[in-house]
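Q: Hey, dropping coords.pdb in here, PDB, C-alpha atoms:
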```
ATOM      1  CA  MET A  10     -12.345 -10.317 -14.765
ATOM      2  CA  THR A  11     -10.829  -7.976 -12.192
ATOM      3  CA  ASN A  12     -11.261  -6.875  -8.594
ATOM      4  CA  GLY A  13     -11.219  -3.234  -9.597
ATOM      5  CA  THR A  14     -10.307  -0.804 -12.330
ATOM      6  CA  ASP A  15      -8.287   1.804 -10.427
ATOM      7  CA  SER A  16      -4.716   1.712 -11.767
ATOM      8  CA  THR A  17      -3.428   2.146  -8.212
ATOM      9  CA  ASP A  18      -4.594  -1.353  -7.235
ATOM     10  CA  PHE A  19      -2.789  -3.130 -10.086
ATOM     11  CA  ASP A  20      -1.216  -5.763  -7.823
ATOM     12  CA  GLU A  21      -4.600  -6.531  -6.248
ATOM     13  CA  ARG A  22      -6.284  -7.545  -9.471
ATOM     14  CA  VAL A  23      -7.371 -11.134  -9.932
ATOM     15  CA  ILE A  24      -7.997 -12.381 -13.459
ATOM     16  CA  GLU A  25     -10.503 -15.197 -13.866
ATOM     17  CA  THR A  26     -10.059 -17.121 -17.102
ATOM     18  CA  ARG A  27      -9.811 -20.684 -18.425
ATOM     19  CA  LEU A  28      -7.226 -23.108 -19.708
ATOM     20  CA  GLU A  29      -7.647 -24.516 -23.192
ATOM     21  CA  ASP A  30      -9.335 -27.630 -21.768
ATOM     22  CA  GLY A  31     -11.937 -25.452 -20.023
ATOM     23  CA  ARG A  32     -10.647 -25.607 -16.453
ATOM     24  CA  ALA A  33     -11.189 -22.319 -14.609
ATOM     25  CA  ILE A  34      -8.105 -20.597 -13.221
ATOM     26  CA  SER A  35      -7.292 -17.464 -11.275
ATOM     27  CA  ILE A  36      -4.189 -15.387 -11.950
ATOM     28  CA  ARG A  37      -2.913 -12.921  -9.373
ATOM     29  CA  ALA A  38       0.297 -11.271  -8.202
ATOM     30  CA  VAL A  39       2.637 -13.395  -6.083
ATOM     31  CA  ARG A  40       2.930 -12.277  -2.457
ATOM     32  CA  PRO A  41       5.612 -12.963   0.180
ATOM     33  CA  ASP A  42       3.134 -15.196   2.065
ATOM     34  CA  ASP A  43       3.045 -17.542  -0.973
ATOM     35  CA  GLU A  44       6.367 -19.080   0.110
ATOM     36  CA  GLU A  45       4.982 -22.513   1.023
ATOM     37  CA  ARG A  46       2.726 -22.562  -2.037
ATOM     38  CA  LEU A  47       5.712 -21.961  -4.317
ATOM     39  CA  ARG A  48       7.864 -24.429  -2.407
ATOM     40  CA  ASP A  49       5.214 -27.109  -2.943
ATOM     41  CA  GLY A  50       4.916 -26.163  -6.602
ATOM     42  CA  VAL A  51       8.653 -26.553  -7.199
ATOM     43  CA  ALA A  52       8.542 -29.966  -5.503
ATOM     44  CA  GLN A  53       5.739 -31.068  -7.837
ATOM     45  CA  LEU A  54       7.680 -30.260 -10.990
ATOM     46  CA  SER A  55       9.156 -33.313 -12.663
ATOM     47  CA  ALA A  56      12.913 -33.727 -12.371
ATOM     48  CA  ARG A  57      13.148 -32.801 -16.053
ATOM     49  CA  SER A  58      11.134 -29.609 -15.597
ATOM     50  CA  ARG A  59      13.149 -28.604 -12.528
ATOM     51  CA  TYR A  60      16.341 -29.108 -14.496
ATOM     52  CA  LEU A  61      15.091 -26.994 -17.396
ATOM     53  CA  ARG A  62      13.862 -24.205 -15.088
ATOM     54  CA  PHE A  63      16.570 -24.155 -12.388
ATOM     55  CA  PHE A  64      19.403 -25.940 -14.233
ATOM     56  CA  THR A  65      19.285 -28.679 -11.577
ATOM     57  CA  PRO A  66      16.972 -31.696 -11.078
ATOM     58  CA  ALA A  67      17.249 -31.511  -7.278
ATOM     59  CA  PRO A  68      13.849 -32.397  -5.723
ATOM     60  CA  THR A  69      13.975 -29.408  -3.380
ATOM     61  CA  MET A  70      15.418 -25.939  -3.734
ATOM     62  CA  PRO A  71      17.583 -24.287  -1.054
ATOM     63  CA  ASP A  72      15.717 -21.893   1.207
ATOM     64  CA  HIS A  73      17.482 -18.897  -0.311
ATOM     65  CA  VAL A  74      16.132 -19.797  -3.775
ATOM     66  CA  ILE A  75      12.534 -20.018  -2.527
ATOM     67  CA  GLU A  76      12.953 -16.820  -0.530
ATOM     68  CA  LYS A  77      14.181 -15.061  -3.660
ATOM     69  CA  LEU A  78      11.126 -16.247  -5.603
ATOM     70  CA  VAL A  79       8.760 -14.615  -3.110
ATOM     71  CA  ASP A  80      10.856 -11.497  -2.497
ATOM     72  CA  VAL A  81       8.428  -9.501  -4.620
ATOM     73  CA  ASP A  82       7.622  -5.800  -4.471
ATOM     74  CA  GLY A  83       5.860  -5.169  -7.776
ATOM     75  CA  HIS A  84       8.587  -2.791  -8.944
ATOM     76  CA  ARG A  85      12.030  -4.409  -8.868
ATOM     77  CA  HIS A  86      10.678  -7.950  -8.729
ATOM     78  CA  LEU A  87       7.382  -8.610 -10.517
ATOM     79  CA  ALA A  88       5.731 -12.027 -10.267
ATOM     80  CA  TRP A  89       2.329 -13.510 -11.095
ATOM     81  CA  GLY A  90       0.961 -16.971 -10.437
ATOM     82  CA  ALA A  91      -2.002 -19.125 -11.413
ATOM     83  CA  VAL A  92      -4.149 -21.515  -9.373
ATOM     84  CA  LEU A  93      -7.104 -23.716 -10.266
ATOM     85  CA  ALA A  94     -10.224 -21.779  -9.313
ATOM     86  CA  ASP A  95     -11.913 -24.802  -7.708
ATOM     87  CA  ASP A  96      -8.828 -26.005  -5.803
ATOM     88  CA  PRO A  97      -9.386 -25.503  -2.040
ATOM     89  CA  GLU A  98      -5.624 -25.701  -1.462
ATOM     90  CA  LEU A  99      -4.950 -23.010  -4.097
ATOM     91  CA  GLN A 100      -1.898 -24.879  -5.308
ATOM     92  CA  ALA A 101       0.327 -22.881  -7.641
ATOM     93  CA  ILE A 102       0.175 -24.378 -11.145
ATOM     94  CA  GLY A 103       2.339 -21.776 -12.871
ATOM     95  CA  VAL A 104       4.458 -18.753 -11.988
ATOM     96  CA  VAL A 105       6.222 -16.085 -14.037
ATOM     97  CA  HIS A 106       8.862 -13.589 -12.880
ATOM     98  CA  ALA A 107      10.648 -10.454 -14.059
ATOM     99  CA  VAL A 108      13.533  -9.245 -11.885
ATOM    100  CA  ARG A 109      15.655  -6.174 -12.546
ATOM    101  CA  SER A 110      18.775  -4.878 -10.830
ATOM    102  CA  ASP A 111      17.043  -1.718  -9.606
ATOM    103  CA  GLU A 112      13.729   0.092 -10.010
ATOM    104  CA  GLN A 113      15.103   2.391 -12.708
ATOM    105  CA  SER A 114      16.416  -0.315 -15.021
ATOM    106  CA  ARG A 115      14.521  -0.798 -18.288
ATOM    107  CA  ARG A 116      15.632  -4.439 -18.545
ATOM    108  CA  ALA A 117      14.634  -7.390 -16.386
ATOM    109  CA  GLU A 118      15.393 -11.108 -16.191
ATOM    110  CA  PHE A 119      12.490 -13.316 -17.275
ATOM    111  CA  ALA A 120      11.640 -16.772 -15.907
ATOM    112  CA  ILE A 121       8.567 -18.988 -16.052
ATOM    113  CA  ALA A 122       7.523 -22.402 -14.753
ATOM    114  CA  VAL A 123       4.339 -24.417 -15.304
ATOM    115  CA  LEU A 124       3.526 -27.731 -13.627
ATOM    116  CA  ASP A 125       3.869 -30.658 -16.020
ATOM    117  CA  ASP A 126       0.168 -31.559 -15.842
ATOM    118  CA  PHE A 127      -0.711 -28.119 -17.234
ATOM    119  CA  HIS A 128       1.643 -27.988 -20.209
ATOM    120  CA  GLY A 129      -0.011 -27.334 -23.559
ATOM    121  CA  GLN A 130      -2.953 -25.471 -22.040
ATOM    122  CA  GLY A 131      -1.927 -21.922 -22.966
ATOM    123  CA  LEU A 132      -0.951 -21.049 -19.399
ATOM    124  CA  ALA A 133       2.587 -19.916 -20.222
ATOM    125  CA  ARG A 134       1.303 -17.412 -22.773
ATOM    126  CA  MET A 135      -1.403 -16.121 -20.428
ATOM    127  CA  LEU A 136       1.032 -15.665 -17.550
ATOM    128  CA  SER A 137       3.476 -13.983 -19.915
ATOM    129  CA  ALA A 138       0.776 -11.550 -21.050
ATOM    130  CA  VAL A 139       0.003 -10.451 -17.488
ATOM    131  CA  LEU A 140       3.686 -10.044 -16.684
ATOM    132  CA  LEU A 141       4.348  -8.063 -19.862
ATOM    133  CA  ILE A 142       1.494  -5.672 -19.054
ATOM    134  CA  HIS A 143       2.924  -5.174 -15.566
ATOM    135  CA  CYS A 144       6.434  -4.684 -16.958
ATOM    136  CA  ARG A 145       5.296  -1.984 -19.362
ATOM    137  CA  ARG A 146       3.473  -0.210 -16.541
ATOM    138  CA  GLU A 147       6.746  -0.237 -14.568
ATOM    139  CA  GLY A 148       8.770   1.190 -17.447
ATOM    140  CA  ILE A 149      10.541  -2.061 -18.362
ATOM    141  CA  ALA A 150      11.172  -2.279 -22.107
ATOM    142  CA  THR A 151      13.113  -5.539 -22.521
ATOM    143  CA  LEU A 152      13.096  -8.954 -20.903
ATOM    144  CA  ASP A 153      16.255 -11.052 -20.951
ATOM    145  CA  ALA A 154      16.083 -14.831 -20.643
ATOM    146  CA  GLN A 155      18.759 -17.466 -20.185
ATOM    147  CA  VAL A 156      17.507 -20.805 -21.473
ATOM    148  CA  LEU A 157      19.100 -24.209 -21.833
ATOM    149  CA  LEU A 158      19.371 -24.862 -25.562
ATOM    150  CA  GLU A 159      17.657 -28.230 -25.056
ATOM    151  CA  ASN A 160      14.610 -26.477 -23.555
ATOM    152  CA  ARG A 161      12.729 -26.347 -26.830
ATOM    153  CA  PRO A 162       9.299 -25.459 -25.355
ATOM    154  CA  ALA A 163      10.741 -22.368 -23.649
ATOM    155  CA  ILE A 164      12.560 -21.364 -26.814
ATOM    156  CA  ARG A 165       9.366 -21.797 -28.855
ATOM    157  CA  LEU A 166       7.508 -19.587 -26.397
ATOM    158  CA  LEU A 167      10.151 -16.871 -26.556
ATOM    159  CA  ARG A 168      10.352 -16.963 -30.337
ATOM    160  CA  SER A 169       6.564 -16.880 -30.651
ATOM    161  CA  LEU A 170       6.675 -13.601 -28.736
ATOM    162  CA  GLY A 171       9.364 -12.194 -31.009
ATOM    163  CA  ALA A 172      12.429 -12.786 -28.818
ATOM    164  CA  GLU A 173      15.808 -12.829 -30.527
ATOM    165  CA  ARG A 174      18.807 -14.894 -29.484
ATOM    166  CA  CYS A 175      21.675 -12.611 -28.558
ATOM    167  CA  ARG A 176      24.343 -15.204 -27.851
ATOM    168  CA  SER A 177      24.989 -18.791 -26.877
ATOM    169  CA  GLU A 178      27.572 -20.093 -24.467
ATOM    170  CA  ASP A 179      28.064 -23.789 -23.837
ATOM    171  CA  SER A 180      24.535 -25.182 -23.376
ATOM    172  CA  VAL A 181      22.778 -21.875 -22.607
ATOM    173  CA  GLY A 182      21.198 -19.407 -25.001
ATOM    174  CA  GLU A 183      20.478 -15.782 -24.134
ATOM    175  CA  TYR A 184      17.348 -14.167 -25.561
ATOM    176  CA  ALA A 185      16.045 -10.597 -25.578
ATOM    177  CA  LEU A 186      12.312  -9.860 -25.768
ATOM    178  CA  ASN A 187      10.872  -6.478 -26.715
ATOM    179  CA  ILE A 188       7.884  -6.000 -24.419
ATOM    180  CA  GLY A 189       5.881  -3.648 -26.623
ATOM    181  CA  ALA A 190       6.143  -5.913 -29.669
ATOM    182  CA  ALA A 191       5.389  -9.035 -27.629
ATOM    183  CA  LEU A 192       2.255  -7.466 -26.149
ATOM    184  CA  GLU A 193       0.997  -6.543 -29.600
ATOM    185  CA  THR A 194       1.602 -10.127 -30.759
ATOM    186  CA  LEU A 195      -0.390 -11.513 -27.844
ATOM    187  CA  ARG A 196      -3.183  -8.963 -28.233
ATOM    188  CA  GLN A 197      -3.678 -10.056 -31.838
ATOM    189  CA  ALA A 198      -3.461 -13.787 -31.057
ATOM    190  CA  ASP A 199      -6.510 -16.035 -31.266
ATOM    191  CA  GLN A 200      -5.033 -18.653 -28.936
ATOM    192  CA  PRO A 201      -5.173 -19.297 -26.124
ATOM    193  CA  ALA A 202      -8.724 -18.028 -25.814
ATOM    194  CA  GLY A 203      -8.080 -16.930 -22.207
ATOM    195  CA  LEU A 204      -5.923 -14.047 -23.420
ATOM    196  CA  LYS A 205      -9.105 -12.071 -24.078
ATOM    197  CA  GLN A 206      -9.980 -12.030 -20.371
ATOM    198  CA  ILE A 207      -6.464 -10.950 -19.479
ATOM    199  CA  PHE A 208      -6.422  -7.961 -21.796
ATOM    200  CA  ALA A 209      -9.991  -7.042 -20.769
ATOM    201  CA  ALA A 210      -8.897  -7.000 -17.117
ATOM    202  CA  PHE A 211      -6.280  -4.335 -17.881
ATOM    203  CA  ASP A 212      -8.106  -2.296 -20.522
ATOM    204  CA  ASP A 213      -7.899   0.820 -18.377
ATOM    205  CA  LEU A 214      -4.080   0.635 -18.463
ATOM    206  CA  LEU A 215      -3.527  -0.235 -22.122
TER     207      LEU A 215
END
```
Kindly present the structure from the file in structure tokens form.
A:
Amino acid sequence: MTNGTDSTDFDERVIETRLEDGRAISIRAVRPDDEERLRDGVAQLSARSRYLRFFTPAPTMPDHVIEKLVDVDGHRHLAWGAVLADDPELQAIGVVHAVRSDEQSRRAEFAIAVLDDFHGQGLARMLSAVLLIHCRREGIATLDAQVLLENRPAIRLLRSLGAERCRSEDSVGEYALNIGAALETLRQADQPAGLKQIFAAFDDLL
């Protein structure tokens, strides 16, 4: 559930839920000290998944890319990650980000990555739900996403949340997602089942 209900400790909450296959996971905010965990996670993505997420299949990311991923403050850069609850190494199995140009902007750039072994388990939708709740709390109204047009799973996810394609250029499509509408879609969804725990964990803010 959650480590507290005071809205001031939003970033300290830990949501305990399950993947569709029953494996227990924990979802919490990314912290700067997660750098090595995220670096290892990127390395464990398949070359195909790295290409679709970072537009390059390189087996490792430059230090400045990893540093940017963990340069989180909960206001300008929001990020949440998931780990297997029974994993002693607490390896990151999925991470979602929203980054805006400044703390007053009502738009942010959206990005998500899930390790290949955990595709099809509802994790992307659960991570998206947590991020969307956080975004709304921070006054962000719209998420923008740049996606390779061949990345059909990402496009399906965005469209399932109500995102609309704004433009396409070469091999990249740009999508805009209304956060309020997307949250309502997820709140009404029956799958994945773990969404219920996520919304219960933030009932005091919704």
Q: Name the closest residue to Ser177 of chain A among the candidates A:Val156, A:Phe119, A:Asp199, A:Lys77; distances are taken between atoms, counting all atoms listed in the file.
A: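 Checking each of A:Val156, A:Phe119, A:Asp199, A:Lys77 against Ser177 of chain A, counting all atoms listed in the file, the winner is A:Val156.
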Q: Expand the PyMOL selection byres ((chain A and resi 146) around 10) into the explicit residue set it covers here, and present it as a PyMOL selection string.
A: chain A and resi 16+19+84+140-145+147-150+214-215
Q: Quote the spacing between atom CA of Thr26 of chain A and atom CA of Ala101 of chain A in Å to one decimal place.
A: 15.2 Å
Q: Residues picked by the PyMOL selection byres ((chain A and resi 90) around 8) here, as a PyMOL selection string?
A: chain A and resi 36-39+88-89+91-92+101-105+136
Q: Pick out the residues sitting within 8 Å of segment 201-205 of chain A, and hand them over as number ranges by chain; count only C-alpha atoms, and ignore anything fewer than 5 positions along from it in its own chain.
A: A: 26-29, 130-131, 134-135, 138, 195-196
Q: Enter the distance from atom CA of Glu112 of chain A to atom CA of Gly83 of chain A, in Å, rounded to one decimal.
A: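 Computing the Euclidean distance for atom CA of Glu112 of chain A and atom CA of Gly83 of chain A yields 9.7 Å.
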Q: For His73 of chain A, which residue out of A:Arg48, A:Thr194, A:Leu167, A:Ile207 is the nearest one, using all atoms listed in the file?
A: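 Smallest separation from His73 of chain A among the options: A:Arg48.
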Q: Calculate how many Å separate atom CA of Ser169 of chain A from atom CA of Leu47 of chain A, rounding to one decimal.
A: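 These atoms are spaced 26.8 Å apart.
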Q: When the PyMOL selection byres ((chain A and resi 60) around 12) is applied to the structure above, which residues does it catch, written out as a list in words?
A: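 Evaluating the PyMOL selection byres ((chain A and resi 60) around 12) on these coordinates yields Val51, Ala52, Leu54, Ser55, Ala56, Arg57, Ser58, Arg59, Leu61, Arg62, Phe63, Phe64, Thr65, Pro66, Ala67, Pro68, Thr69, Met70, Ala122, Val156, Leu157, Glu159 and Asn160 of chain A.
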Q: Please produce a file of the residues just selected, as a compact mmCIF listing (two decimals), in the coordinates of the input, where the atoms kept are C-alpha atoms.
A:
```txt
# COMPACT_ATOMS: atom_id res chain seq x y z
CA VAL A 51 8.65 -26.55 -7.20
CA ALA A 52 8.54 -29.97 -5.50
CA LEU A 54 7.68 -30.26 -10.99
CA SER A 55 9.16 -33.31 -12.66
CA ALA A 56 12.91 -33.73 -12.37
CA ARG A 57 13.15 -32.80 -16.05
CA SER A 58 11.13 -29.61 -15.60
CA ARG A 59 13.15 -28.60 -12.53
CA LEU A 61 15.09 -26.99 -17.40
CA ARG A 62 13.86 -24.20 -15.09
CA PHE A 63 16.57 -24.16 -12.39
CA PHE A 64 19.40 -25.94 -14.23
CA THR A 65 19.28 -28.68 -11.58
CA PRO A 66 16.97 -31.70 -11.08
CA ALA A 67 17.25 -31.51 -7.28
CA PRO A 68 13.85 -32.40 -5.72
CA THR A 69 13.98 -29.41 -3.38
CA MET A 70 15.42 -25.94 -3.73
CA ALA A 122 7.52 -22.40 -14.75
CA VAL A 156 17.51 -20.80 -21.47
CA LEU A 157 19.10 -24.21 -21.83
CA GLU A 159 17.66 -28.23 -25.06
CA ASN A 160 14.61 -26.48 -23.56
```
Q: Take the point (8.6, -7.3, -13.3) as written in the file and pick out every residue within 6 Å of it, counting only C-alpha atoms; give the list as a PyMOL selection string.
A: chain A and resi 86-87+107-108+144
Q: Please define a box with edges along x, y and z of the file around all atoms of segment 75-85 of chain A given in the file, extend it by 6 Å on each side, and return its centre and edge lengths in Å to one decimal, as JSON.
A:
```
{"center_x": 10.0, "center_y": -11.4, "center_z": -4.7, "size_x": 20.3, "size_y": 29.2, "size_z": 20.4}
```
Q: Nearest to Val139 of chain A: which of A:Val79, A:Leu192, A:Val74, A:Leu186 is it, counting all atoms listed in the file?
A: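 Closest residue, counting all atoms listed in the file: A:Leu192.
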Q: Just the residues within 8 Å of Asn187 of chain A, please, counting all atoms listed in the file, with nothing from its chain fewer than 3 positions along; format it as a list of chain:residue names.
A: A:Ala150, A:Thr151, A:Leu152, A:Gly171, A:Ala172, A:Ala190, A:Ala191
Q: Given the choices A:Gly31, A:Gly129, A:Pro71, A:Gly189, which gets closest to Leu93 of chain A if the distance is worked out from all atoms listed in the file?
A: A:Gly31
Q: Just checking: using only C-alpha atoms, which residue out of A:Arg46, A:Leu158, A:Gln200, A:Glu76 ends up closest to Ala133 of chain A?
A: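 Among A:Arg46, A:Leu158, A:Gln200, A:Glu76, it is A:Gln200 that comes nearest to Ala133 of chain A.
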Q: May I ask which of the residues A:Ala154, A:Cys175, A:Leu124, A:Ala185 is the closest one to Asp49 of chain A, counting all atoms listed in the file?
A: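 For Asp49 of chain A, the nearest of the given residues is A:Leu124.
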Q: Please produce segment 72-83 of chain A, completed to all heavy atoms, as an mmCIF file, in the coordinates of the input.
A:
```
data_model
loop_
_atom_site.group_PDB
_atom_site.id
_atom_site.type_symbol
_atom_site.label_atom_id
_atom_site.label_comp_id
_atom_site.auth_asym_id
_atom_site.auth_seq_id
_atom_site.Cartn_x
_atom_site.Cartn_y
_atom_site.Cartn_z
ATOM 1 N N ASP A 72 16.608 -22.932 0.683
ATOM 2 C CA ASP A 72 15.717 -21.893 1.207
ATOM 3 C C ASP A 72 15.948 -20.547 0.533
ATOM 4 O O ASP A 72 14.996 -19.807 0.255
ATOM 5 C CB ASP A 72 15.905 -21.742 2.720
ATOM 6 C CG ASP A 72 15.305 -22.911 3.491
ATOM 7 O OD1 ASP A 72 14.495 -23.659 2.902
ATOM 8 O OD2 ASP A 72 15.637 -23.069 4.678
ATOM 9 N N HIS A 73 17.212 -20.226 0.249
ATOM 10 C CA HIS A 73 17.482 -18.897 -0.311
ATOM 11 C C HIS A 73 16.891 -18.746 -1.710
ATOM 12 O O HIS A 73 16.535 -17.634 -2.119
ATOM 13 C CB HIS A 73 18.985 -18.612 -0.316
ATOM 14 C CG HIS A 73 19.767 -19.405 -1.329
ATOM 15 N ND1 HIS A 73 19.929 -18.992 -2.635
ATOM 16 C CD2 HIS A 73 20.425 -20.584 -1.223
ATOM 17 C CE1 HIS A 73 20.654 -19.887 -3.295
ATOM 18 N NE2 HIS A 73 20.964 -20.863 -2.461
ATOM 19 N N VAL A 74 16.747 -19.862 -2.452
ATOM 20 C CA VAL A 74 16.132 -19.797 -3.775
ATOM 21 C C VAL A 74 14.637 -19.510 -3.645
ATOM 22 O O VAL A 74 14.093 -18.652 -4.342
ATOM 23 C CB VAL A 74 16.366 -21.104 -4.554
ATOM 24 C CG1 VAL A 74 15.573 -21.100 -5.856
ATOM 25 C CG2 VAL A 74 17.850 -21.295 -4.834
ATOM 26 N N ILE A 75 13.962 -20.236 -2.749
ATOM 27 C CA ILE A 75 12.534 -20.018 -2.527
ATOM 28 C C ILE A 75 12.285 -18.605 -2.008
ATOM 29 O O ILE A 75 11.358 -17.906 -2.452
ATOM 30 C CB ILE A 75 11.970 -21.059 -1.543
ATOM 31 C CG1 ILE A 75 12.183 -22.476 -2.077
ATOM 32 C CG2 ILE A 75 10.482 -20.793 -1.291
ATOM 33 C CD1 ILE A 75 11.479 -22.784 -3.381
ATOM 34 N N GLU A 76 13.117 -18.164 -1.085
ATOM 35 C CA GLU A 76 12.953 -16.820 -0.530
ATOM 36 C C GLU A 76 13.101 -15.757 -1.619
ATOM 37 O O GLU A 76 12.392 -14.747 -1.625
ATOM 38 C CB GLU A 76 13.979 -16.590 0.584
ATOM 39 C CG GLU A 76 13.689 -17.421 1.838
ATOM 40 C CD GLU A 76 14.851 -17.439 2.811
ATOM 41 O OE1 GLU A 76 15.881 -16.767 2.523
ATOM 42 O OE2 GLU A 76 14.746 -18.130 3.842
ATOM 43 N N LYS A 77 14.003 -16.006 -2.561
ATOM 44 C CA LYS A 77 14.181 -15.061 -3.660
ATOM 45 C C LYS A 77 12.951 -15.026 -4.548
ATOM 46 O O LYS A 77 12.545 -13.965 -5.048
ATOM 47 C CB LYS A 77 15.416 -15.446 -4.479
ATOM 48 C CG LYS A 77 15.753 -14.469 -5.589
ATOM 49 C CD LYS A 77 17.037 -14.870 -6.297
ATOM 50 C CE LYS A 77 17.376 -13.885 -7.418
ATOM 51 N NZ LYS A 77 18.637 -14.258 -8.108
ATOM 52 N N LEU A 78 12.313 -16.178 -4.745
ATOM 53 C CA LEU A 78 11.126 -16.247 -5.603
ATOM 54 C C LEU A 78 9.957 -15.449 -5.041
ATOM 55 O O LEU A 78 9.101 -14.980 -5.794
ATOM 56 C CB LEU A 78 10.712 -17.706 -5.807
ATOM 57 C CG LEU A 78 11.651 -18.588 -6.632
ATOM 58 C CD1 LEU A 78 11.151 -20.025 -6.660
ATOM 59 C CD2 LEU A 78 11.812 -18.054 -8.045
ATOM 60 N N VAL A 79 9.881 -15.344 -3.716
ATOM 61 C CA VAL A 79 8.760 -14.615 -3.110
ATOM 62 C C VAL A 79 9.168 -13.235 -2.594
ATOM 63 O O VAL A 79 8.366 -12.544 -1.968
ATOM 64 C CB VAL A 79 8.116 -15.437 -1.962
ATOM 65 C CG1 VAL A 79 7.476 -16.690 -2.510
ATOM 66 C CG2 VAL A 79 9.121 -15.770 -0.868
ATOM 67 N N ASP A 80 10.401 -12.830 -2.877
ATOM 68 C CA ASP A 80 10.856 -11.497 -2.497
ATOM 69 C C ASP A 80 10.378 -10.505 -3.548
ATOM 70 O O ASP A 80 11.142 -9.938 -4.319
ATOM 71 C CB ASP A 80 12.388 -11.475 -2.392
ATOM 72 C CG ASP A 80 12.919 -10.119 -1.962
ATOM 73 O OD1 ASP A 80 12.127 -9.322 -1.384
ATOM 74 O OD2 ASP A 80 14.108 -9.827 -2.210
ATOM 75 N N VAL A 81 9.060 -10.314 -3.585
ATOM 76 C CA VAL A 81 8.428 -9.501 -4.620
ATOM 77 C C VAL A 81 7.988 -8.153 -4.052
ATOM 78 O O VAL A 81 7.595 -8.057 -2.890
ATOM 79 C CB VAL A 81 7.213 -10.233 -5.234
ATOM 80 C CG1 VAL A 81 7.663 -11.479 -5.975
ATOM 81 C CG2 VAL A 81 6.205 -10.613 -4.160
ATOM 82 N N ASP A 82 8.086 -7.123 -4.885
ATOM 83 C CA ASP A 82 7.622 -5.800 -4.471
ATOM 84 C C ASP A 82 6.801 -5.113 -5.548
ATOM 85 O O ASP A 82 6.326 -3.997 -5.355
ATOM 86 C CB ASP A 82 8.805 -4.918 -4.058
ATOM 87 C CG ASP A 82 9.818 -4.711 -5.181
ATOM 88 O OD1 ASP A 82 9.530 -5.089 -6.333
ATOM 89 O OD2 ASP A 82 10.905 -4.173 -4.905
ATOM 90 N N GLY A 83 6.651 -5.758 -6.709
ATOM 91 C CA GLY A 83 5.860 -5.169 -7.776
ATOM 92 C C GLY A 83 6.569 -4.096 -8.569
ATOM 93 O O GLY A 83 5.982 -3.525 -9.495
#
```
